[in-house]
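As provided, work25.tsv (TSV, C-alpha atoms and all ligand atoms) reads as follows.
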chain	number	residue	atom	x	y	z
A	7	MET	CA	-20.21	20.32	12.67
A	8	ALA	CA	-17.34	19.66	15.07
A	9	SER	CA	-16.22	16.51	16.84
A	10	SER	CA	-13.13	15.53	18.83
A	11	PRO	CA	-11.58	12.19	18.00
A	12	ASP	CA	-8.16	11.37	19.52
A	13	VAL	CA	-6.67	11.03	16.06
A	14	ILE	CA	-7.74	12.15	12.60
A	15	VAL	CA	-6.34	10.13	9.70
A	16	ILE	CA	-6.58	11.89	6.34
A	17	GLY	CA	-6.78	9.31	3.55
A	18	ALA	CA	-8.44	5.88	3.49
A	19	GLY	CA	-5.92	3.92	1.43
A	20	VAL	CA	-4.15	0.91	2.86
A	21	LEU	CA	-1.72	3.06	4.88
A	22	GLY	CA	-4.42	5.29	6.38
A	23	LEU	CA	-6.76	2.40	7.19
A	24	CYS	CA	-4.06	0.08	8.58
A	25	THR	CA	-2.90	2.92	10.82
A	26	ALA	CA	-6.46	3.74	11.89
A	27	ALA	CA	-7.23	0.08	12.69
A	28	GLU	CA	-3.99	-0.29	14.68
A	29	LEU	CA	-4.77	2.88	16.67
A	30	GLY	CA	-8.35	1.73	17.22
A	31	ALA	CA	-7.07	-1.59	18.56
A	32	ARG	CA	-4.85	0.34	20.98
A	33	GLY	CA	-7.92	2.13	22.36
A	34	HIS	CA	-7.90	5.41	20.42
A	35	ALA	CA	-11.00	6.98	18.87
A	36	VAL	CA	-10.00	7.48	15.24
A	37	THR	CA	-11.77	9.41	12.49
A	38	VAL	CA	-10.66	8.72	8.92
A	39	ILE	CA	-11.56	11.36	6.33
A	40	ASP	CA	-11.57	10.49	2.62
A	41	PRO	CA	-13.79	11.50	-0.32
A	42	GLY	CA	-14.14	7.81	-1.34
A	43	GLY	CA	-13.78	6.28	-4.79
A	44	PRO	CA	-10.93	4.23	-6.23
A	45	ASN	CA	-7.35	4.78	-5.03
A	46	ALA	CA	-4.01	2.97	-5.44
A	47	SER	CA	-4.95	0.54	-2.69
A	48	SER	CA	-8.19	-0.59	-4.32
A	49	ALA	CA	-6.47	-0.91	-7.72
A	50	ALA	CA	-3.70	-3.13	-6.33
A	51	ALA	CA	-3.21	-6.86	-6.84
A	52	GLY	CA	-2.77	-7.49	-3.11
A	53	MET	CA	0.50	-9.40	-3.27
A	54	ILE	CA	2.40	-9.58	0.01
A	55	ALA	CA	5.52	-10.30	-1.96
A	56	PRO	CA	8.91	-9.66	-0.32
A	57	ALA	CA	10.66	-12.46	-2.25
A	58	LEU	CA	9.69	-11.69	-5.83
A	59	GLU	CA	9.76	-7.90	-5.32
A	60	CYS	CA	13.36	-8.27	-4.12
A	61	LEU	CA	14.24	-10.60	-7.01
A	62	SER	CA	12.76	-8.18	-9.55
A	63	ASP	CA	14.54	-5.19	-8.01
A	64	ASP	CA	17.81	-7.02	-7.30
A	65	SER	CA	17.52	-5.72	-3.71
A	66	THR	CA	20.11	-5.71	-0.96
A	67	PRO	CA	19.88	-8.33	1.84
A	68	GLU	CA	19.04	-5.48	4.26
A	69	ARG	CA	16.06	-4.33	2.18
A	70	ALA	CA	14.95	-7.96	1.77
A	71	ALA	CA	15.12	-8.50	5.54
A	72	LEU	CA	13.01	-5.36	6.17
A	73	LEU	CA	10.36	-6.47	3.67
A	74	LYS	CA	10.33	-9.95	5.20
A	75	ARG	CA	9.85	-8.52	8.69
A	76	ALA	CA	7.00	-6.38	7.28
A	77	ARG	CA	5.40	-9.52	5.81
A	78	ASP	CA	5.77	-11.38	9.08
A	79	ARG	CA	3.46	-8.87	10.77
A	80	TRP	CA	0.64	-9.93	8.42
A	81	PRO	CA	-0.68	-13.15	10.06
A	82	ALA	CA	-1.38	-11.46	13.41
A	83	PHE	CA	-2.64	-8.27	11.72
A	84	ALA	CA	-4.99	-10.21	9.42
A	85	GLU	CA	-6.32	-12.24	12.32
A	86	ALA	CA	-6.86	-9.15	14.49
A	87	PHE	CA	-8.98	-7.41	11.84
A	88	GLY	CA	-10.57	-10.38	10.06
A	89	LEU	CA	-8.69	-10.01	6.75
A	90	ALA	CA	-8.38	-12.92	4.29
A	91	LEU	CA	-4.66	-13.70	3.99
A	92	THR	CA	-3.68	-16.48	1.59
A	93	ARG	CA	-0.26	-17.99	2.20
A	94	ASP	CA	0.07	-20.06	-0.95
A	95	GLY	CA	3.44	-18.90	-2.31
A	96	VAL	CA	4.43	-17.87	-5.81
A	97	ASP	CA	5.70	-19.45	-9.02
A	98	TRP	CA	8.30	-17.69	-11.16
A	99	LEU	CA	9.17	-18.30	-14.79
A	100	GLY	CA	12.29	-16.53	-16.02
A	101	PRO	CA	15.78	-16.89	-17.38
A	102	ASP	CA	18.62	-18.56	-15.46
A	103	ILE	CA	16.58	-20.24	-12.72
A	104	PRO	CA	19.62	-21.53	-10.77
A	105	ALA	CA	20.90	-17.91	-10.49
A	106	ALA	CA	17.45	-16.69	-9.39
A	107	ILE	CA	17.28	-19.42	-6.70
A	108	ALA	CA	20.79	-18.47	-5.52
A	109	ARG	CA	19.85	-14.75	-5.32
A	110	LEU	CA	16.64	-15.48	-3.42
A	111	SER	CA	18.54	-17.71	-1.03
A	112	ALA	CA	21.24	-15.04	-0.48
A	113	MET	CA	18.45	-12.62	0.49
A	114	GLY	CA	17.02	-15.11	3.01
A	115	PHE	CA	14.13	-16.54	0.97
A	116	SER	CA	13.28	-20.18	0.20
A	117	ALA	CA	12.96	-21.27	-3.40
A	118	SER	CA	13.04	-24.58	-5.21
A	119	ARG	CA	13.13	-25.65	-8.82
A	120	THR	CA	9.97	-26.60	-10.73
A	121	PRO	CA	9.91	-28.13	-14.24
A	122	ALA	CA	9.44	-24.67	-15.78
A	123	GLY	CA	10.94	-22.27	-13.23
A	124	LEU	CA	10.97	-21.91	-9.46
A	125	THR	CA	8.49	-21.78	-6.62
A	126	SER	CA	8.77	-19.97	-3.28
A	127	PRO	CA	6.50	-20.18	-0.22
A	128	ASP	CA	7.57	-16.69	0.87
A	129	ASP	CA	5.04	-14.54	-1.02
A	130	TRP	CA	1.42	-14.34	0.07
A	131	ARG	CA	-1.63	-12.34	-0.95
A	132	VAL	CA	-4.64	-10.54	0.42
A	133	ASP	CA	-8.05	-9.68	-1.07
A	134	VAL	CA	-7.74	-5.89	-1.31
A	135	GLY	CA	-11.43	-5.02	-1.62
A	136	GLY	CA	-12.41	-7.17	1.36
A	137	ALA	CA	-9.46	-5.93	3.40
A	138	LEU	CA	-10.25	-2.23	2.84
A	139	LYS	CA	-13.87	-2.82	3.89
A	140	ALA	CA	-12.87	-4.77	7.00
A	141	LEU	CA	-10.29	-2.18	8.07
A	142	ALA	CA	-12.83	0.64	7.67
A	143	ARG	CA	-15.10	-1.26	10.09
A	144	ALA	CA	-12.38	-1.94	12.68
A	145	PRO	CA	-13.27	-1.14	16.31
A	146	GLY	CA	-12.67	2.49	17.23
A	147	VAL	CA	-12.57	3.63	13.58
A	148	THR	CA	-15.12	5.96	11.98
A	149	VAL	CA	-14.84	6.81	8.27
A	150	ILE	CA	-16.26	10.11	7.01
A	151	ARG	CA	-16.71	10.80	3.30
A	152	SER	CA	-15.19	14.23	2.70
A	153	ALA	CA	-12.11	15.85	1.17
A	154	VAL	CA	-9.86	17.85	3.47
A	155	ALA	CA	-9.16	21.34	2.13
A	156	ARG	CA	-6.76	22.81	4.71
A	157	LEU	CA	-5.13	22.37	8.08
A	158	SER	CA	-4.29	24.85	10.80
A	159	GLU	CA	-3.09	24.78	14.38
A	160	ASP	CA	-5.58	26.07	16.91
A	161	ALA	CA	-4.76	26.17	20.64
A	162	ARG	CA	-2.40	23.14	20.45
A	163	ARG	CA	-4.89	21.18	18.38
A	164	TRP	CA	-5.10	20.61	14.67
A	165	ARG	CA	-8.06	22.12	12.90
A	166	VAL	CA	-9.03	20.05	9.88
A	167	GLU	CA	-11.34	21.80	7.45
A	168	ALA	CA	-13.08	19.99	4.64
A	169	GLU	CA	-14.01	21.27	1.19
A	170	ASP	CA	-17.68	21.00	2.21
A	171	GLY	CA	-17.07	23.36	5.15
A	172	ARG	CA	-17.16	20.75	7.92
A	173	THR	CA	-14.45	21.11	10.55
A	174	TRP	CA	-12.86	18.69	13.01
A	175	PHE	CA	-10.29	19.14	15.78
A	176	ALA	CA	-7.77	16.67	17.14
A	177	SER	CA	-4.46	16.82	18.96
A	178	THR	CA	-3.04	14.30	16.49
A	179	ILE	CA	-3.37	13.96	12.73
A	180	VAL	CA	-1.95	11.39	10.33
A	181	LEU	CA	-1.50	12.41	6.71
A	182	ALA	CA	-2.04	9.36	4.49
A	183	THR	CA	-3.03	11.15	1.31
A	184	GLY	CA	-1.15	9.03	-1.24
A	185	VAL	CA	0.20	11.15	-4.08
A	186	ALA	CA	-1.92	14.24	-3.32
A	187	ALA	CA	-0.20	17.63	-3.13
A	188	PRO	CA	0.68	19.02	0.33
A	189	LEU	CA	-2.40	20.40	2.08
A	190	PRO	CA	-2.42	24.15	2.76
A	191	GLY	CA	-1.39	24.79	6.35
A	192	LEU	CA	1.20	22.01	6.58
A	193	PRO	CA	4.46	23.14	8.21
A	194	PRO	CA	7.34	23.53	5.69
A	195	ALA	CA	9.33	20.35	6.54
A	196	ALA	CA	6.26	18.13	6.31
A	197	ALA	CA	5.08	19.92	3.16
A	198	ALA	CA	8.49	19.31	1.55
A	199	ALA	CA	8.31	15.61	2.46
A	200	VAL	CA	4.81	15.31	0.95
A	201	ALA	CA	5.89	17.21	-2.17
A	202	SER	CA	8.83	14.82	-2.65
A	203	VAL	CA	6.49	11.86	-3.23
A	204	GLU	CA	6.78	10.84	-6.87
A	205	PRO	CA	3.81	9.33	-8.75
A	206	PHE	CA	4.08	6.02	-10.62
A	207	ARG	CA	0.93	5.13	-12.49
A	208	GLY	CA	-0.01	1.45	-12.63
A	209	GLN	CA	-2.73	-0.47	-14.42
A	210	LEU	CA	-3.90	-4.03	-14.07
A	211	THR	CA	-6.56	-6.03	-15.84
A	212	PRO	CA	-9.08	-8.42	-14.26
A	213	VAL	CA	-9.69	-11.49	-16.41
A	214	SER	CA	-12.34	-14.21	-15.98
A	215	VAL	CA	-10.36	-17.40	-16.32
A	216	PRO	CA	-9.77	-20.35	-14.00
A	217	PRO	CA	-7.01	-19.09	-11.68
A	218	PRO	CA	-3.62	-20.82	-11.42
A	219	PRO	CA	-2.87	-22.58	-8.11
A	220	ARG	CA	-0.91	-19.57	-6.84
A	221	THR	CA	0.45	-16.24	-8.10
A	222	LEU	CA	2.47	-16.66	-11.28
A	223	ARG	CA	5.16	-14.11	-12.16
A	224	THR	CA	7.52	-13.57	-15.09
A	225	PRO	CA	9.96	-10.68	-15.72
A	226	GLY	CA	7.27	-8.53	-17.38
A	227	LEU	CA	3.98	-9.78	-15.98
A	228	TYR	CA	2.17	-11.16	-12.98
A	229	ILE	CA	-1.04	-13.14	-12.70
A	230	VAL	CA	-2.69	-13.15	-9.28
A	231	PRO	CA	-5.70	-15.31	-8.37
A	232	ALA	CA	-8.60	-13.03	-7.41
A	233	GLY	CA	-12.02	-14.52	-6.65
A	234	SER	CA	-13.02	-16.83	-9.47
A	235	GLY	CA	-10.59	-15.18	-11.92
A	236	VAL	CA	-7.25	-13.39	-11.95
A	237	VAL	CA	-5.76	-9.92	-12.16
A	238	ILE	CA	-2.96	-9.43	-14.66
A	239	GLY	CA	-0.51	-6.62	-14.15
A	240	ALA	CA	0.98	-4.24	-13.95
A	241	THR	CA	2.34	-1.20	-15.74
A	242	MET	CA	4.85	1.19	-14.14
A	243	GLU	CA	4.70	4.70	-15.59
A	244	ARG	CA	6.89	7.18	-13.79
A	245	GLY	CA	5.53	10.72	-13.39
A	246	ARG	CA	1.98	9.98	-14.56
A	247	ARG	CA	-1.01	10.90	-12.39
A	248	ASP	CA	-3.87	10.45	-14.87
A	249	ILE	CA	-6.22	7.55	-14.24
A	250	GLU	CA	-7.75	7.14	-17.69
A	251	PRO	CA	-7.47	3.39	-18.52
A	252	ASP	CA	-5.25	2.42	-21.46
A	253	LEU	CA	-7.45	-0.18	-23.16
A	254	GLU	CA	-4.85	-1.23	-25.76
A	255	GLU	CA	-2.29	-1.95	-23.08
A	256	ALA	CA	-4.90	-3.84	-21.07
A	257	ALA	CA	-5.77	-6.01	-24.08
A	258	ARG	CA	-2.06	-6.71	-24.76
A	259	ARG	CA	-1.45	-7.72	-21.15
A	260	ALA	CA	-4.59	-9.88	-21.00
A	261	THR	CA	-3.51	-11.67	-24.19
A	262	ALA	CA	0.00	-12.27	-22.84
A	263	GLY	CA	-1.38	-13.53	-19.51
A	264	LEU	CA	-3.87	-15.88	-21.13
A	265	ALA	CA	-1.11	-17.25	-23.40
A	266	LEU	CA	0.96	-17.97	-20.30
A	267	LEU	CA	-1.99	-19.75	-18.66
A	268	GLY	CA	-2.82	-21.56	-21.91
A	269	ALA	CA	-6.48	-20.63	-21.41
A	270	GLU	CA	-9.21	-18.48	-22.85
A	271	GLY	CA	-10.87	-15.78	-20.81
A	272	GLU	CA	-12.58	-12.45	-20.87
A	273	ALA	CA	-10.93	-9.22	-19.76
A	274	GLY	CA	-12.84	-6.79	-17.57
A	275	PRO	CA	-12.33	-3.03	-17.21
A	276	PRO	CA	-8.72	-2.20	-16.23
A	277	ARG	CA	-7.97	-0.81	-12.75
A	278	VAL	CA	-5.65	2.17	-12.58
A	279	GLY	CA	-3.90	3.52	-9.49
A	280	ILE	CA	-1.10	5.95	-8.73
A	281	ARG	CA	1.62	4.64	-6.43
A	282	GLY	CA	3.57	7.21	-4.44
A	283	ALA	CA	7.32	6.69	-4.06
A	284	SER	CA	9.97	8.34	-1.91
A	285	PRO	CA	13.52	8.69	-3.32
A	286	ASP	CA	14.63	5.35	-1.75
A	287	GLY	CA	11.35	3.50	-2.37
A	288	LEU	CA	10.55	3.05	1.35
A	289	PRO	CA	7.60	4.80	3.01
A	290	LEU	CA	7.69	8.17	4.75
A	291	ALA	CA	6.13	7.09	8.04
A	292	GLY	CA	6.19	8.45	11.56
A	293	PHE	CA	6.51	11.73	13.45
A	294	ALA	CA	6.84	14.69	11.09
A	295	GLY	CA	8.61	17.18	13.36
A	296	GLU	CA	5.58	19.21	14.52
A	297	ALA	CA	3.56	18.31	17.65
A	298	GLY	CA	0.77	15.92	16.72
A	299	LEU	CA	1.69	15.61	13.05
A	300	HIS	CA	2.52	12.19	11.56
A	301	LEU	CA	2.92	10.92	7.99
A	302	ALA	CA	2.03	7.56	6.40
A	303	LEU	CA	2.96	7.94	2.74
A	304	ALA	CA	4.92	6.63	-0.27
A	305	PRO	CA	5.09	2.82	0.00
A	306	PHE	CA	5.66	2.63	-3.77
A	307	ARG	CA	5.07	-0.91	-5.11
A	308	ASN	CA	4.56	-2.47	-1.66
A	309	GLY	CA	1.80	-0.58	0.14
A	310	TRP	CA	-0.06	-3.74	1.05
A	311	LEU	CA	3.06	-5.57	2.15
A	312	LEU	CA	4.16	-2.60	4.28
A	313	GLY	CA	0.74	-1.58	5.71
A	314	PRO	CA	1.01	-3.29	9.11
A	315	LEU	CA	4.63	-2.16	9.63
A	316	VAL	CA	3.75	1.46	8.76
A	317	ALA	CA	0.73	1.26	11.10
A	318	GLU	CA	2.90	0.05	13.98
A	319	VAL	CA	5.59	2.69	13.38
A	320	VAL	CA	3.05	5.53	13.20
A	321	ALA	CA	1.03	4.31	16.20
A	322	ASP	CA	4.21	3.92	18.29
A	323	GLY	CA	5.22	7.49	17.34
A	324	ILE	CA	1.81	8.83	18.35
A	325	GLU	CA	1.95	7.03	21.70
A	326	GLY	CA	5.58	8.02	22.34
A	327	ARG	CA	6.64	4.38	22.57
A	328	ALA	CA	10.19	3.20	21.84
A	329	PRO	CA	10.37	2.82	18.04
A	330	VAL	CA	10.80	-0.62	16.47
A	331	PRO	CA	14.22	-0.97	14.78
A	332	ASP	CA	12.75	-0.55	11.26
A	333	ALA	CA	11.25	2.86	12.17
A	334	ALA	CA	14.54	4.66	11.43
A	335	ALA	CA	14.50	3.48	7.79
A	336	LEU	CA	11.02	4.98	7.38
A	337	ASP	CA	11.71	8.35	9.11
A	338	PRO	CA	9.53	10.77	7.11
A	339	LEU	CA	12.08	13.60	7.33
A	340	ARG	CA	15.12	11.52	6.31
A	341	PHE	CA	15.52	13.43	3.03
A	342	ALA	CA	14.98	16.88	4.59
B	401	LIG	C1	-1.77	-1.51	-10.40
B	401	LIG	C2	-1.17	-1.57	-9.03
B	401	LIG	C3	-0.87	-2.80	-8.47
B	401	LIG	C4	-0.32	-2.88	-7.19
B	401	LIG	N1	-0.10	-4.10	-6.62
B	401	LIG	C5	0.40	-4.17	-5.36
B	401	LIG	C6	0.58	-5.42	-4.71
B	401	LIG	O1	0.26	-6.47	-5.28
B	401	LIG	N2	1.09	-5.45	-3.45
B	401	LIG	C7	1.45	-4.30	-2.78
B	401	LIG	O2	1.93	-4.38	-1.66
B	401	LIG	N3	1.26	-3.09	-3.36
B	401	LIG	C8	0.77	-3.01	-4.63
B	401	LIG	N4	0.60	-1.79	-5.23
B	401	LIG	C9	1.04	-0.59	-4.52
B	401	LIG	C10	0.01	-0.17	-3.51
B	401	LIG	O3	-1.25	-0.24	-4.07
B	401	LIG	C11	0.31	1.25	-3.02
B	401	LIG	O4	1.63	1.28	-2.52
B	401	LIG	C12	-0.66	1.64	-1.91
B	401	LIG	O5	-1.97	1.36	-2.28
B	401	LIG	C13	-0.54	3.11	-1.56
B	401	LIG	O6	-1.41	3.31	-0.47
B	401	LIG	P1	-1.67	4.73	0.14
B	401	LIG	O7	-2.55	4.52	1.33
B	401	LIG	O8	-0.36	5.42	0.35
B	401	LIG	O9	-2.37	5.56	-1.03
B	401	LIG	P2	-3.83	5.47	-1.68
B	401	LIG	O10	-4.35	4.10	-1.71
B	401	LIG	O11	-3.76	6.22	-2.96
B	401	LIG	O12	-4.74	6.27	-0.65
B	401	LIG	C14	-4.63	7.65	-0.47
B	401	LIG	C15	-6.00	8.18	-0.10
B	401	LIG	O13	-5.87	9.55	0.30
B	401	LIG	C16	-7.07	10.19	-0.07
B	401	LIG	N5	-6.85	11.64	-0.11
B	401	LIG	C17	-5.99	12.34	-0.88
B	401	LIG	N6	-6.13	13.66	-0.64
B	401	LIG	C18	-7.09	13.78	0.30
B	401	LIG	C19	-7.69	14.89	0.96
B	401	LIG	N7	-7.34	16.16	0.69
B	401	LIG	N8	-8.65	14.64	1.88
B	401	LIG	C20	-9.03	13.38	2.18
B	401	LIG	N9	-8.48	12.29	1.59
B	401	LIG	C21	-7.55	12.50	0.66
B	401	LIG	C22	-7.39	9.60	-1.44
B	401	LIG	O14	-8.77	9.79	-1.73
B	401	LIG	C23	-7.00	8.14	-1.25
B	401	LIG	O15	-8.11	7.35	-0.90
B	401	LIG	C24	0.00	-1.69	-6.49
B	401	LIG	C25	-0.32	-0.45	-7.05
B	401	LIG	C26	-0.90	-0.39	-8.31
B	401	LIG	C27	-1.24	0.96	-8.87
Go ahead and express the file in the form of structure tokens.
Amino acid sequence: MASSPDVIVIGAGVLGLCTAAELGARGHAVTVIDPGGPNASSAAAGMIAPALECLSDDSTPERAALLKRARDRWPAFAEAFGLALTRDGVDWLGPDIPAAIARLSAMGFSASRTPAGLTSPDDWRVDVGGALKALARAPGVTVIRSAVARLSEDARRWRVEAEDGRTWFASTIVLATGVAAPLPGLPPAAAAAVASVEPFRGQLTPVSVPPPPRTLRTPGLYIVPAGSGVVIGATMERGRRDIEPDLEEAARRATAGLALLGAEGEAGPPRVGIRGASPDGLPLAGFAGEAGLHLALAPFRNGWLLGPLVAEVVADGIEGRAPVPDAAALDPLRFA
């Protein structure tokens, strides 16, 4: 079977689907190809968390400003595609609260003291399952369940061949394949960029317990309201790609989270995902040096936070528009 969308996006995680929805909204016919099943995006907690991510990483003011600008794209993006964005802030319990408030303030975030820690209005959250479904239904977007096996260039178009033998053609493709190995047929520079993405396994545990009023974070743990319960996370295991749940770790984390909440609850099956990271922890997003080839990869711990920014950068590159200032920091060939 053959069809001719304007753009083929390979990978239906948050980066692939945000990019597809953005392109669809700009009038392109977009086909997204993905075999389906869980991925990093469906495992995630859905925090849109520039403030606490920067506090945990002791980030620079420049990195904090970029993450904040990425967050600020969320209200319009969520409204455009009908995603549930909750702007209820975050509570933090940790050592030396005055120093933490001073660091947040130096990075441009608001924070104030609470009896036990600090609270900031700057971190938000999104329901990841609902958001992935809504993005897959965005106008102009068609999702096909299939795994791409190889790429080739054919008369100035990309030929995209699936493992099941189906083939599609498009002048433009976006590679949003998470931590997957480079696809056969990728030009060397793009293949090197894809191969540089490092896996970081993460696991979080859903627990049925009355949720706290907003996300609660400590140095080793976070608890995020999710439906009528919470998700408690998350591990960070560099170099691991296996997705077998670690039940002992899940039980330990659930116990620690419930102790923090002072409540009893029941843990559900853990969710495991593999985050992809570039050497500087920012995505590889934009034009990949070969006509019609664009990347949307490696958002590390902040794929949800960065989804709308990556989508805008990639869509602008496809349309040949002037790049937004943050596009340079995401240049997919910056380590080449
Ligand atoms: C436990 C955990 C908690 C997290 N919490 C948060 C959070 O609160 N906030 C936040 O911002 N981020 C969070 N993250 C990080 C975030 O989830 C990731 O950065 C993001 O999901 C990565 O998205 P992606 O689109 O790059 O990759 P993925 O979601 O992995 O999607 C890649 C897709 O590509 C597809 N694919 C691969 N190869 C092929 C092929 N050959 N053909 C077709 N399709 C292919 C896969 O099937 C997959 O669906 C968390 C991650 C984990 C693991």
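Closest to Asp129 in chain A among A:Leu311, A:Ala273, A:Leu210, A:Leu227 is A:Leu311, based on only C-alpha atoms.
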Practice problem: Please write out the residues within 6 Å of ligand LIG 401 (chain B) as a PyMOL selection string, counting all atoms listed in the file. | Solution: chain A and resi 16-22+39-42+45-47+49-54+153-155+182-184+186+207-210+240+278-281+303-311
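Take the candidates A:Leu181, A:Ala55, A:Val132, A:Leu192 and check each one against Leu89 in chain A using all atoms listed in the file; the shortest distance goes to A:Val132.
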Exercise. Take the point (-9.9, 24.4, 7.4) as written in the file and pick out every residue within 12 Å of it, counting all atoms listed in the file; give the list as a list in words.
Key: Ala8, Ala153, Val154, Ala155, Arg156, Leu157, Ser158, Glu159, Asp160, Trp164, Arg165, Val166, Glu167, Ala168, Glu169, Asp170, Gly171, Arg172, Thr173, Trp174, Phe175, Leu189, Pro190, Gly191 and Leu192 of chain A
Quiz item: Quick one: distance from CA of Gly287 in chain A to CA of Pro44 in chain A in Å, one decimal?
Solution: 22.6 Å
Quiz item: Of the candidates A:Pro275, A:Gly114, A:Pro212, A:Gly233, which one gets nearest to Ser65 in chain A if we count only C-alpha atoms?
Solution: A:Gly114
Quiz item: Looking at A:Pro218, A:Pro193, A:Gly263, A:Gly245, which one is nearest to Ala283 in chain A, with distances taken over only C-alpha atoms?
Solution: A:Gly245
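The shortest atom-to-atom distance to Gly100 in chain A, with all atoms listed in the file taken into account, belongs to A:Thr120 out of A:Ser177, A:Thr120, A:Thr211, A:Ser48.
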Quiz item: Residues around (-10.9, 11.7, 18.9), cut-off 12 Å, counting only C-alpha atoms - what are they as a list of chain:residue names?
Solution: A:Ala8, A:Ser9, A:Ser10, A:Pro11, A:Asp12, A:Val13, A:Ile14, A:Val15, A:Ala26, A:Leu29, A:Gly30, A:Gly33, A:His34, A:Ala35, A:Val36, A:Thr37, A:Val38, A:Gly146, A:Val147, A:Thr148, A:Arg163, A:Trp164, A:Trp174, A:Phe175, A:Ala176, A:Ser177, A:Thr178, A:Ile179
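Summary of the local environment: counting all atoms listed in the file, residues at most 10 Å from Phe293 in chain A, other than itself and those fewer than 5 positions away along its chain, are Val180, Ala196, Gly298, Leu299, His300, Leu301, Ala302, Val319, Val320, Ala321, Asp322, Gly323, Ile324, Gly326, Asp337, Pro338 and Leu339 of chain A.
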